[in-house]
file input00.txt (compact mmCIF, C-alpha atoms and all ligand atoms)
# COMPACT_ATOMS: atom_id res chain seq x y z
CA MET A 1 57.07 -18.99 -8.90
CA ARG A 2 58.23 -15.40 -8.76
CA LYS A 3 57.34 -12.97 -11.54
CA PRO A 4 59.73 -10.00 -11.44
CA ASP A 5 58.17 -6.57 -11.87
CA THR A 6 61.39 -4.87 -12.97
CA LEU A 7 64.31 -5.62 -15.27
CA GLU A 8 66.58 -8.08 -13.49
CA ARG A 9 68.96 -9.51 -16.06
CA LEU A 10 71.45 -8.44 -18.66
CA TYR A 11 72.67 -10.72 -21.43
CA LEU A 12 75.67 -9.76 -23.52
CA ASP A 13 76.78 -11.37 -26.78
CA PHE A 14 79.82 -10.24 -28.76
CA ASP A 15 79.15 -9.60 -32.43
CA GLY A 16 80.88 -12.04 -34.79
CA PHE A 17 83.36 -12.65 -32.00
CA PHE A 18 86.24 -14.48 -33.69
CA ALA A 19 86.09 -12.24 -36.76
CA SER A 20 85.97 -9.01 -34.79
CA VAL A 21 88.84 -10.12 -32.52
CA GLU A 22 90.85 -10.77 -35.70
CA GLN A 23 90.00 -7.28 -36.97
CA GLN A 24 90.99 -5.69 -33.69
CA ALA A 25 94.27 -7.62 -33.53
CA ARG A 26 95.24 -7.30 -37.21
CA PRO A 27 94.66 -3.83 -38.65
CA TYR A 28 94.85 -5.00 -42.28
CA LEU A 29 91.54 -6.87 -41.75
CA ARG A 30 89.61 -3.86 -40.46
CA ASP A 31 86.49 -2.74 -42.35
CA LYS A 32 86.96 -5.68 -44.74
CA PRO A 33 84.85 -8.80 -45.23
CA VAL A 34 86.60 -11.47 -43.15
CA GLY A 35 85.79 -15.15 -42.78
CA VAL A 36 87.49 -17.17 -40.06
CA VAL A 37 88.18 -20.77 -41.13
CA PRO A 38 89.42 -23.80 -39.16
CA PHE A 39 92.62 -24.35 -41.17
CA GLU A 40 94.83 -22.39 -43.47
CA GLY A 41 94.80 -23.04 -47.20
CA VAL A 42 91.91 -25.50 -47.22
CA GLU A 43 89.22 -24.54 -49.69
CA THR A 44 86.86 -27.38 -48.78
CA THR A 45 86.22 -26.22 -45.22
CA ALA A 46 83.50 -24.00 -43.72
CA ILE A 47 83.38 -20.47 -42.33
CA ILE A 48 83.26 -20.52 -38.53
CA ALA A 49 82.77 -16.75 -38.08
CA ALA A 50 82.14 -13.80 -40.38
CA SER A 51 82.84 -10.09 -39.89
CA LYS A 52 79.91 -7.70 -40.19
CA GLU A 53 81.19 -6.60 -43.62
CA ALA A 54 81.08 -10.25 -44.74
CA LYS A 55 77.65 -10.76 -43.17
CA LYS A 56 76.33 -7.83 -45.20
CA MET A 57 77.28 -9.79 -48.32
CA GLY A 58 75.34 -12.82 -47.08
CA VAL A 59 78.23 -14.80 -45.60
CA LYS A 60 77.23 -16.82 -42.53
CA SER A 61 78.86 -19.20 -40.06
CA VAL A 62 78.88 -22.84 -41.13
CA MET A 63 78.64 -21.82 -44.81
CA SER A 64 81.12 -23.59 -47.08
CA VAL A 65 84.10 -21.51 -48.17
CA LYS A 66 83.12 -22.08 -51.77
CA GLU A 67 79.63 -20.65 -51.27
CA ALA A 68 80.99 -17.76 -49.17
CA LYS A 69 83.52 -16.86 -51.91
CA ARG A 70 80.77 -16.94 -54.48
CA LEU A 71 78.67 -14.45 -52.48
CA CYS A 72 81.65 -12.33 -51.55
CA PRO A 73 84.64 -12.70 -53.90
CA SER A 74 86.77 -10.25 -51.88
CA LEU A 75 86.34 -12.29 -48.71
CA LEU A 76 89.58 -12.52 -46.69
CA LEU A 77 90.03 -15.96 -45.18
CA VAL A 78 91.84 -16.12 -41.86
CA PRO A 79 92.73 -19.36 -40.04
CA GLN A 80 91.41 -19.42 -36.48
CA SER A 81 93.68 -18.40 -33.58
CA PRO A 82 92.12 -20.02 -30.51
CA ASP A 83 94.77 -18.66 -28.19
CA LEU A 84 94.10 -15.10 -29.33
CA TYR A 85 90.34 -15.58 -28.74
CA ARG A 86 91.00 -17.02 -25.32
CA ARG A 87 93.13 -14.03 -24.33
CA ALA A 88 90.56 -11.61 -25.77
CA HIS A 89 87.84 -13.38 -23.79
CA HIS A 90 89.69 -12.88 -20.50
CA ALA A 91 90.59 -9.27 -21.27
CA LEU A 92 86.99 -8.40 -22.20
CA LEU A 93 85.64 -10.16 -19.14
CA ALA A 94 87.94 -8.17 -16.87
CA GLU A 95 86.71 -4.89 -18.40
CA ILE A 96 83.04 -5.86 -18.02
CA ASN A 97 83.64 -6.97 -14.45
CA ALA A 98 84.94 -3.49 -13.69
CA VAL A 99 81.51 -2.10 -14.66
CA ILE A 100 79.19 -4.88 -13.42
CA PRO A 101 79.92 -8.26 -11.82
CA VAL A 102 79.56 -11.08 -14.36
CA ASP A 103 77.16 -13.65 -12.96
CA ALA A 104 77.74 -16.48 -15.46
CA VAL A 105 79.92 -16.96 -18.52
CA LYS A 106 77.80 -18.87 -21.00
CA SER A 107 80.35 -19.36 -23.76
CA ILE A 108 83.46 -17.69 -25.12
CA ASP A 109 81.37 -14.77 -26.37
CA GLU A 110 78.26 -14.71 -24.18
CA LEU A 111 77.69 -13.82 -20.57
CA THR A 112 74.98 -12.71 -18.21
CA CYS A 113 74.74 -10.36 -15.19
CA ARG A 114 72.21 -9.54 -12.46
CA LEU A 115 71.14 -5.91 -12.16
CA ASP A 116 71.13 -3.85 -8.96
CA THR A 117 68.46 -1.20 -8.30
CA GLU A 118 70.32 1.65 -9.99
CA GLN A 119 71.05 -0.53 -13.04
CA ARG A 120 67.42 -1.64 -13.28
CA ASN A 121 66.34 1.97 -13.51
CA PHE A 122 68.97 3.07 -16.02
CA PRO A 123 69.73 0.19 -18.38
CA GLU A 124 70.73 2.47 -21.31
CA LYS A 125 73.33 4.12 -19.09
CA LEU A 126 74.75 0.74 -18.07
CA SER A 127 74.86 -0.51 -21.65
CA GLN A 128 76.68 2.65 -22.73
CA ALA A 129 79.16 2.33 -19.84
CA ILE A 130 80.05 -1.25 -20.85
CA LYS A 131 80.35 -0.44 -24.55
CA SER A 132 82.51 2.65 -24.07
CA ARG A 133 84.78 0.94 -21.59
CA LEU A 134 85.37 -1.94 -24.04
CA ALA A 135 85.97 0.47 -26.92
CA GLU A 136 88.47 2.54 -24.94
CA ASN A 137 90.40 -0.21 -23.20
CA ILE A 138 90.25 -3.07 -25.71
CA GLY A 139 89.38 -1.40 -29.00
CA PRO A 140 86.43 -0.30 -31.09
CA TYR A 141 86.49 -3.26 -33.49
CA ILE A 142 85.09 -5.68 -30.94
CA SER A 143 81.46 -4.74 -30.38
CA CYS A 144 78.71 -6.42 -28.42
CA SER A 145 74.93 -6.51 -28.28
CA ILE A 146 73.13 -6.31 -24.95
CA GLY A 147 69.65 -7.36 -23.92
CA PHE A 148 67.79 -6.42 -20.71
CA ALA A 149 64.73 -8.30 -19.46
CA PRO A 150 63.02 -9.61 -16.32
CA ASN A 151 64.75 -13.00 -16.70
CA ARG A 152 67.79 -14.49 -18.35
CA HIS A 153 65.98 -16.35 -21.08
CA LEU A 154 64.22 -13.22 -22.28
CA ALA A 155 67.41 -11.14 -21.95
CA LYS A 156 69.16 -13.62 -24.23
CA ILE A 157 66.43 -13.37 -26.84
CA ALA A 158 66.43 -9.56 -26.50
CA CYS A 159 70.16 -9.33 -27.01
CA LYS A 160 69.97 -10.93 -30.45
CA GLN A 161 67.30 -8.54 -31.73
CA ASP A 162 69.46 -5.58 -32.64
CA LYS A 163 72.81 -6.89 -33.85
CA PRO A 164 75.46 -5.65 -34.23
CA ASN A 165 76.22 -3.23 -31.42
CA GLY A 166 72.60 -2.94 -30.25
CA THR A 167 70.83 -2.55 -26.92
CA THR A 168 67.36 -4.02 -26.50
CA ILE A 169 65.31 -3.42 -23.36
CA TRP A 170 62.19 -5.45 -22.63
CA HIS A 171 60.33 -4.23 -19.53
CA PRO A 172 57.98 -6.65 -17.75
CA HIS A 173 54.86 -4.86 -19.02
CA GLN A 174 55.99 -5.51 -22.63
CA ILE A 175 56.08 -9.28 -22.07
CA PRO A 176 54.92 -11.29 -23.96
CA ASP A 177 53.84 -8.77 -26.65
CA VAL A 178 57.40 -8.11 -27.86
CA LEU A 179 57.76 -11.81 -28.63
CA TYR A 180 54.80 -12.03 -31.01
CA PRO A 181 56.64 -10.96 -34.19
CA LEU A 182 59.67 -13.22 -33.62
CA PRO A 183 60.35 -16.37 -35.64
CA PHE A 184 60.65 -19.62 -33.67
CA SER A 185 64.33 -19.73 -34.61
CA ASP A 186 64.97 -16.72 -32.33
CA ILE A 187 63.89 -18.68 -29.26
CA PRO A 188 66.53 -20.77 -27.47
CA GLY A 189 64.77 -24.05 -26.70
CA ILE A 190 62.97 -24.30 -30.03
CA GLY A 191 65.20 -26.22 -32.41
CA ARG A 192 64.38 -27.02 -36.00
CA ARG A 193 62.87 -30.37 -35.09
CA MET A 194 60.63 -28.77 -32.44
CA GLU A 195 59.61 -26.08 -34.87
CA ARG A 196 58.42 -28.72 -37.34
CA ARG A 197 56.50 -30.44 -34.58
CA LEU A 198 54.82 -27.21 -33.49
CA ILE A 199 53.72 -26.44 -37.02
CA GLN A 200 52.39 -29.98 -37.41
CA LYS A 201 50.32 -29.46 -34.26
CA GLY A 202 48.89 -26.20 -35.59
CA VAL A 203 51.06 -23.88 -33.52
CA LEU A 204 52.10 -21.67 -36.39
CA ASP A 205 53.73 -18.67 -34.78
CA MET A 206 54.82 -17.13 -31.50
CA ARG A 207 51.37 -15.72 -30.85
CA ASP A 208 49.87 -19.22 -31.07
CA LEU A 209 52.60 -20.56 -28.81
CA LEU A 210 52.25 -17.85 -26.19
CA ASN A 211 48.48 -18.34 -26.06
CA LEU A 212 48.92 -21.96 -24.96
CA GLN A 213 48.68 -23.04 -21.34
CA PRO A 214 51.76 -24.35 -19.47
CA LYS A 215 50.33 -27.90 -19.47
CA GLN A 216 49.83 -27.79 -23.22
CA MET A 217 53.45 -26.77 -23.73
CA ARG A 218 54.51 -29.64 -21.49
CA LYS A 219 52.53 -32.01 -23.65
CA LEU A 220 53.98 -30.65 -26.89
CA TRP A 221 57.52 -31.08 -25.58
CA ASN A 222 56.72 -34.42 -23.95
CA ASN A 223 58.47 -33.22 -20.81
CA VAL A 224 58.80 -30.43 -18.29
CA THR A 225 61.09 -28.39 -20.58
CA GLY A 226 58.05 -27.12 -22.47
CA GLU A 227 56.39 -25.97 -19.29
CA ARG A 228 59.56 -24.26 -18.11
CA LEU A 229 59.82 -22.48 -21.42
CA TRP A 230 56.25 -21.20 -21.01
CA TYR A 231 57.12 -19.62 -17.67
CA ALA A 232 60.36 -18.16 -19.03
CA LEU A 233 58.60 -16.63 -22.06
CA HIS A 234 55.89 -15.16 -19.83
CA GLY A 235 58.46 -13.33 -17.72
CA PHE A 236 58.76 -15.58 -14.67
CA ASP A 237 62.09 -15.96 -12.91
CA ILE A 238 62.93 -19.49 -13.75
CA GLN A 239 66.29 -20.95 -12.81
CA THR A 240 67.81 -23.38 -15.26
CA PRO A 241 68.36 -26.69 -13.53
CA PRO A 242 71.97 -27.88 -13.25
CA SER A 243 73.11 -30.44 -15.85
CA ASP A 244 70.47 -33.00 -15.15
CA ARG A 245 71.27 -36.03 -17.28
CA GLY A 246 72.94 -38.96 -15.65
CA MET A 247 73.94 -41.02 -18.62
CA ILE A 248 73.19 -42.02 -22.18
CA GLY A 249 73.56 -45.64 -23.12
CA HIS A 250 72.44 -48.63 -25.14
CA SER A 251 72.37 -52.31 -24.42
CA ARG A 252 71.63 -55.44 -26.36
CA VAL A 253 71.17 -59.14 -25.89
CA LEU A 254 73.70 -60.84 -28.17
CA PRO A 255 72.59 -63.12 -31.00
CA PRO A 256 74.11 -66.63 -30.87
CA GLU A 257 76.75 -65.94 -33.53
CA ALA A 258 78.08 -62.93 -31.61
CA ARG A 259 78.70 -64.46 -28.21
CA THR A 260 82.48 -64.30 -28.20
CA LEU A 261 84.51 -61.21 -27.36
CA LYS A 262 85.79 -60.95 -30.91
CA ALA A 263 82.36 -61.26 -32.50
CA ALA A 264 80.73 -58.92 -29.97
CA GLU A 265 83.21 -56.10 -30.48
CA PRO A 266 81.59 -54.70 -33.65
CA ILE A 267 78.25 -54.67 -31.80
CA ALA A 268 79.79 -52.76 -28.91
CA ARG A 269 81.13 -50.27 -31.43
CA MET A 270 77.71 -49.78 -32.96
CA LEU A 271 76.01 -49.37 -29.59
CA LEU A 272 78.63 -46.80 -28.69
CA ILE A 273 78.26 -44.89 -31.96
CA LYS A 274 74.51 -44.76 -31.39
CA ALA A 275 74.89 -43.53 -27.83
CA ALA A 276 77.43 -40.94 -28.99
CA ARG A 277 75.03 -39.74 -31.66
CA ARG A 278 72.32 -39.23 -29.07
CA LEU A 279 74.80 -37.48 -26.82
CA ARG A 280 75.66 -35.00 -29.56
CA ASN A 281 72.04 -34.55 -30.49
CA GLN A 282 71.31 -33.44 -26.95
CA GLN A 283 74.44 -31.31 -27.00
CA TYR A 284 76.34 -33.08 -24.28
CA TYR A 285 79.97 -34.04 -23.80
CA ALA A 286 80.90 -37.12 -21.80
CA GLY A 287 83.66 -37.64 -19.25
CA LEU A 288 83.27 -41.38 -18.70
CA LEU A 289 82.78 -44.48 -20.82
CA TYR A 290 81.31 -47.51 -19.06
CA VAL A 291 80.97 -50.94 -20.68
CA SER A 292 79.47 -54.02 -19.11
CA CYS A 293 79.49 -57.54 -20.44
CA ARG A 294 77.20 -60.21 -19.07
CA THR A 295 78.08 -63.85 -19.61
CA PHE A 296 75.88 -66.78 -18.66
CA GLN A 297 78.06 -67.14 -15.57
CA ALA A 298 78.99 -63.65 -14.43
CA HIS A 299 78.96 -59.92 -14.97
CA TYR A 300 82.05 -57.93 -15.96
CA SER A 301 82.35 -54.18 -16.22
CA GLN A 302 85.05 -51.67 -17.02
CA LYS A 303 85.14 -47.90 -17.16
CA LEU A 304 87.49 -45.32 -18.56
CA SER A 305 87.68 -41.58 -17.84
CA LEU A 306 87.77 -39.27 -20.82
CA PRO A 307 88.62 -35.60 -21.16
CA ASP A 308 85.12 -34.18 -21.92
CA VAL A 309 84.62 -35.37 -25.49
CA CYS A 310 81.81 -35.99 -27.96
CA ASP A 311 83.42 -37.36 -31.12
CA ASP A 312 83.37 -40.94 -32.35
CA GLN A 313 87.14 -41.20 -32.69
CA ALA A 314 87.66 -40.47 -28.98
CA PHE A 315 84.91 -42.90 -27.92
CA LEU A 316 85.99 -45.70 -30.22
CA SER A 317 89.62 -45.56 -29.16
CA ALA A 318 88.49 -45.64 -25.52
CA LEU A 319 86.33 -48.68 -26.30
CA LYS A 320 89.30 -50.42 -27.86
CA LYS A 321 91.24 -50.02 -24.62
CA LEU A 322 88.35 -51.37 -22.54
CA TRP A 323 87.99 -54.30 -24.89
CA GLN A 324 91.62 -55.26 -24.40
CA LYS A 325 90.99 -55.30 -20.65
CA PHE A 326 87.96 -57.56 -21.11
CA SER A 327 90.05 -60.02 -23.09
CA THR A 328 92.35 -60.51 -20.09
CA LEU A 329 89.40 -60.48 -17.66
CA ILE A 330 86.82 -62.80 -19.16
CA PRO A 331 87.76 -66.51 -19.25
CA LYS A 332 87.86 -67.94 -22.76
CA HIS A 333 85.22 -70.60 -22.09
CA GLU A 334 82.54 -68.16 -20.95
CA THR A 335 79.80 -67.24 -23.39
CA LEU A 336 78.72 -63.62 -23.61
CA SER A 337 75.00 -62.98 -23.39
CA GLN A 338 74.48 -59.24 -23.13
CA LEU A 339 76.37 -56.02 -23.72
CA SER A 340 75.76 -52.51 -22.52
CA VAL A 341 77.61 -49.33 -23.26
CA SER A 342 77.03 -45.99 -21.59
CA LEU A 343 78.41 -42.48 -21.53
CA SER A 344 78.22 -40.49 -18.32
CA ASN A 345 79.67 -37.46 -16.46
CA LEU A 346 77.77 -35.40 -18.96
CA HIS A 347 78.28 -31.71 -19.55
CA LYS A 348 76.34 -29.39 -21.78
CA ALA A 349 78.07 -28.27 -24.96
CA SER A 350 77.53 -24.64 -23.99
CA GLU A 351 79.67 -25.15 -20.89
CA ARG A 352 82.22 -27.11 -22.82
CA GLN A 353 82.66 -24.64 -25.68
CA LEU A 354 84.68 -22.41 -23.42
CA ASP A 355 86.99 -25.14 -22.13
CA LEU A 356 87.58 -26.20 -25.66
CA LEU A 357 89.03 -22.86 -26.56
CA LEU A 358 90.85 -22.57 -23.29
CA LEU A 359 92.49 -25.91 -23.92
CA ASN A 360 93.20 -25.14 -27.55
CA ASP A 361 92.95 -28.80 -28.40
CA GLU A 362 93.13 -28.68 -32.17
CA ASN A 363 93.26 -32.39 -32.81
CA ARG A 364 90.09 -32.89 -30.77
CA GLN A 365 88.38 -30.09 -32.63
CA GLN A 366 89.25 -31.66 -35.95
CA TRP A 367 87.71 -34.96 -34.89
CA GLU A 368 84.63 -33.14 -33.65
CA ASN A 369 84.31 -31.47 -37.03
CA VAL A 370 84.65 -34.81 -38.78
CA THR A 371 82.03 -36.37 -36.50
CA ARG A 372 79.67 -33.46 -37.01
CA ALA A 373 79.98 -33.78 -40.78
CA VAL A 374 79.21 -37.52 -40.49
CA ASP A 375 76.14 -36.84 -38.29
CA HIS A 376 74.95 -34.26 -40.77
CA LEU A 377 75.15 -36.69 -43.70
CA ASN A 378 73.51 -39.50 -41.75
CA ALA A 379 70.68 -37.22 -40.65
CA ARG A 380 70.23 -36.04 -44.22
CA TYR A 381 69.92 -39.54 -45.63
CA GLY A 382 68.06 -40.92 -42.63
CA LYS A 383 70.38 -43.84 -41.93
CA SER A 384 73.87 -44.83 -40.92
CA LEU A 385 75.45 -44.06 -44.26
CA ILE A 386 78.86 -43.21 -42.87
CA THR A 387 80.54 -44.41 -39.69
CA LEU A 388 84.11 -44.56 -38.44
CA GLY A 389 85.14 -48.15 -39.00
CA SER A 390 82.79 -50.99 -39.82
CA TRP A 391 79.03 -51.09 -39.31
CA GLN A 392 77.60 -54.57 -39.42
CA PRO A 393 74.26 -54.82 -37.68
CA PRO A 394 73.78 -58.13 -35.86
CA SER A 395 71.09 -60.54 -36.96
CA GLY A 396 67.71 -59.37 -35.76
CA GLY A 397 68.78 -55.79 -36.50
CA ASN A 398 67.13 -53.25 -34.24
CA LEU A 399 70.30 -52.22 -32.57
CA GLY A 400 69.16 -49.98 -29.77
CA GLY A 401 65.82 -48.58 -30.72
CA LYS A 402 63.98 -50.40 -28.01
CA ILE A 403 61.10 -48.72 -26.26
CA ALA A 404 61.73 -47.90 -22.62
CA TYR A 405 59.37 -46.31 -20.14
CA THR A 406 61.89 -43.64 -19.40
CA ARG A 407 62.58 -42.57 -22.95
CA ILE A 408 60.77 -42.39 -26.23
CA PRO A 409 63.35 -43.42 -28.80
CA ALA A 410 64.43 -40.89 -31.38
CA GLN A 411 64.12 -41.73 -35.03
CA GLU A 412 67.86 -42.10 -35.49
CA ASP A 413 68.04 -44.85 -32.86
CA PHE A 414 66.60 -47.14 -35.50
CA TRP A 415 69.17 -46.46 -38.20
MG MG B 501 78.26 -13.87 -30.59
call {"tool": "encode", "arguments": {"input": "input00.txt", "output": "structure tokens"}}
result
Amino acid sequence: MRKPDTLERLYLDFDGFFASVEQQARPYLRDKPVGVVPFEGVETTAIIAASKEAKKMGVKSVMSVKEAKRLCPSLLLVPQSPDLYRRAHHALLAEINAVIPVDAVKSIDELTCRLDTEQRNFPEKLSQAIKSRLAENIGPYISCSIGFAPNRHLAKIACKQDKPNGTTIWHPHQIPDVLYPLPFSDIPGIGRRMERRLIQKGVLDMRDLLNLQPKQMRKLWNNVTGERLWYALHGFDIQTPPSDRGMIGHSRVLPPEARTLKAAEPIARMLLIKAARRLRNQQYYAGLLYVSCRTFQAHYSQKLSLPDVCDDQAFLSALKKLWQKFSTLIPKHETLSQLSVSLSNLHKASERQLDLLLLNDENRQQWENVTRAVDHLNARYGKSLITLGSWQPPSGGNLGGKIAYTRIPAQEDFW
């Protein structure tokens, strides 16, 4: 594996993107604490972006409006304007492209570029050129933070270190020392669950983590991701693999009382809800639902294409359609024996985020918000407390938490 000996990557992240676009577009919001919310006039919703003035008062994304108002009574609430953000995204991208070619757009407000020789030697100059061009041609209220590093992963971490409007440069000889003081939460690839696991295993801070060997990281993560992260954090040029997952699914042998299409449908729904929960946990969206039904005589399967979705409402209505097809397909006298449900054509949420705003699909977004709230409550109480529609586990329980060689089940598979 190659270990670059110069800066090679730039990572750029706009500061409080939605809120600063609002401030740029609507002068009455400038220099004021602004919270962008999903819908107008709803006090029970959450902040999806906060201006830097609001952040100074402690307002954060995902905070409830009630809490945000308590911290910052003068907070101005603005309903989101996805079309405005989409247009701002394209305009900003065009300006950046005039300074340096954009290598990959990571989300609506994040992107990365490769540096040429001149740019490697003068990163401050490049950062200044991008920032002044954006300020002059788009406006000074939309600012960005930029990180430079030998690889993309490190550049991304660097870019978050000096927000807002910062520039952070990490040369190869400073790696990994600059990472020692950082909290785990600053490292993409270490989620809250992983952080708990690390602490349990006696890896208490970044210094402990960086002193491990690649094989030890692999073991901690239970897969190659840990090892890849080691190389990334130690400054190696490591390419992220393309979306690697094939599918996420569950199957179950049917208990005797559930061997008709009608009786098996609630089980199919539960298998699907479980698969969808795993999908969201791993931050994927699915483009295909596949259901197969085994009877003692034959094997029937049906699939349905979906616009990349992740919410239960979309999956369950697709399942309903497939189920209607099965009822015309499977002869009445046949007895069902096994069901399997899977989601495939998977895309990472980070890729999808952009499409979502480009499509401006508000109804979908609302369902995603609902589903996320449901996941959050279920995770909090450690069981399937809330689901869309009924939830009646079949006799024998254990709806999809079986042990497979290819996958260690997650705790929530057993809910
Ligand atoms: Mg941002």
call {"tool": "closest_atom_pairs", "arguments": {"input": "input00.txt", "of": "chain A", "to": "ligand MG 501 (chain B)", "cutoff": "7 Å", "atoms": "only C-alpha atoms and all ligand atoms", "output": "CSV"}}
result
residue,atom,partner,partner_atom,distance
A:Asp13,CA,B:MG501,MG,4.8
A:Phe14,CA,B:MG501,MG,4.4
A:Asp15,CA,B:MG501,MG,4.7
A:Gly16,CA,B:MG501,MG,5.3
A:Phe17,CA,B:MG501,MG,5.4
A:Asp109,CA,B:MG501,MG,5.3
A:Glu110,CA,B:MG501,MG,6.5
call {"tool": "residues_around", "arguments": {"input": "input00.txt", "residues": "Asn211 of chain A", "least_positions_apart": "3", "cutoff": "12 Å", "atoms": "only C-alpha atoms", "output": "VMD selection string"}}
result
chain A and resid 176 to 177 179 to 180 203 to 208 214 to 217 230 233 to 234
call {"tool": "closest_residue", "arguments": {"input": "input00.txt", "among": "A:Lys52, A:Arg252, A:Lys274, A:His347", "to": "Ala286 of chain A", "atoms": "all atoms listed in the file"}}
result
A:His347
call {"tool": "closest_residue", "arguments": {"input": "input00.txt", "among": "A:Ala258, A:Leu336, A:Ile273, A:Ala54", "to": "Gln297 of chain A", "atoms": "only C-alpha atoms"}}
result
A:Leu336
call {"tool": "axis_aligned_box", "arguments": {"input": "input00.txt", "around": "segment 107-117 of chain A", "padding_each_side": "3 Å", "output": "AutoDock Vina command-line options"}}
result
--center_x 76.0 --center_y -10.3 --center_z -17.3 --size_x 21.0 --size_y 24.2 --size_z 24.1
call {"tool": "atom_distance", "arguments": {"input": "input00.txt", "atom1": "atom CA of Gly389 of chain A", "atom2": "atom CA of Val62 of chain A"}}
result
26.2 Å
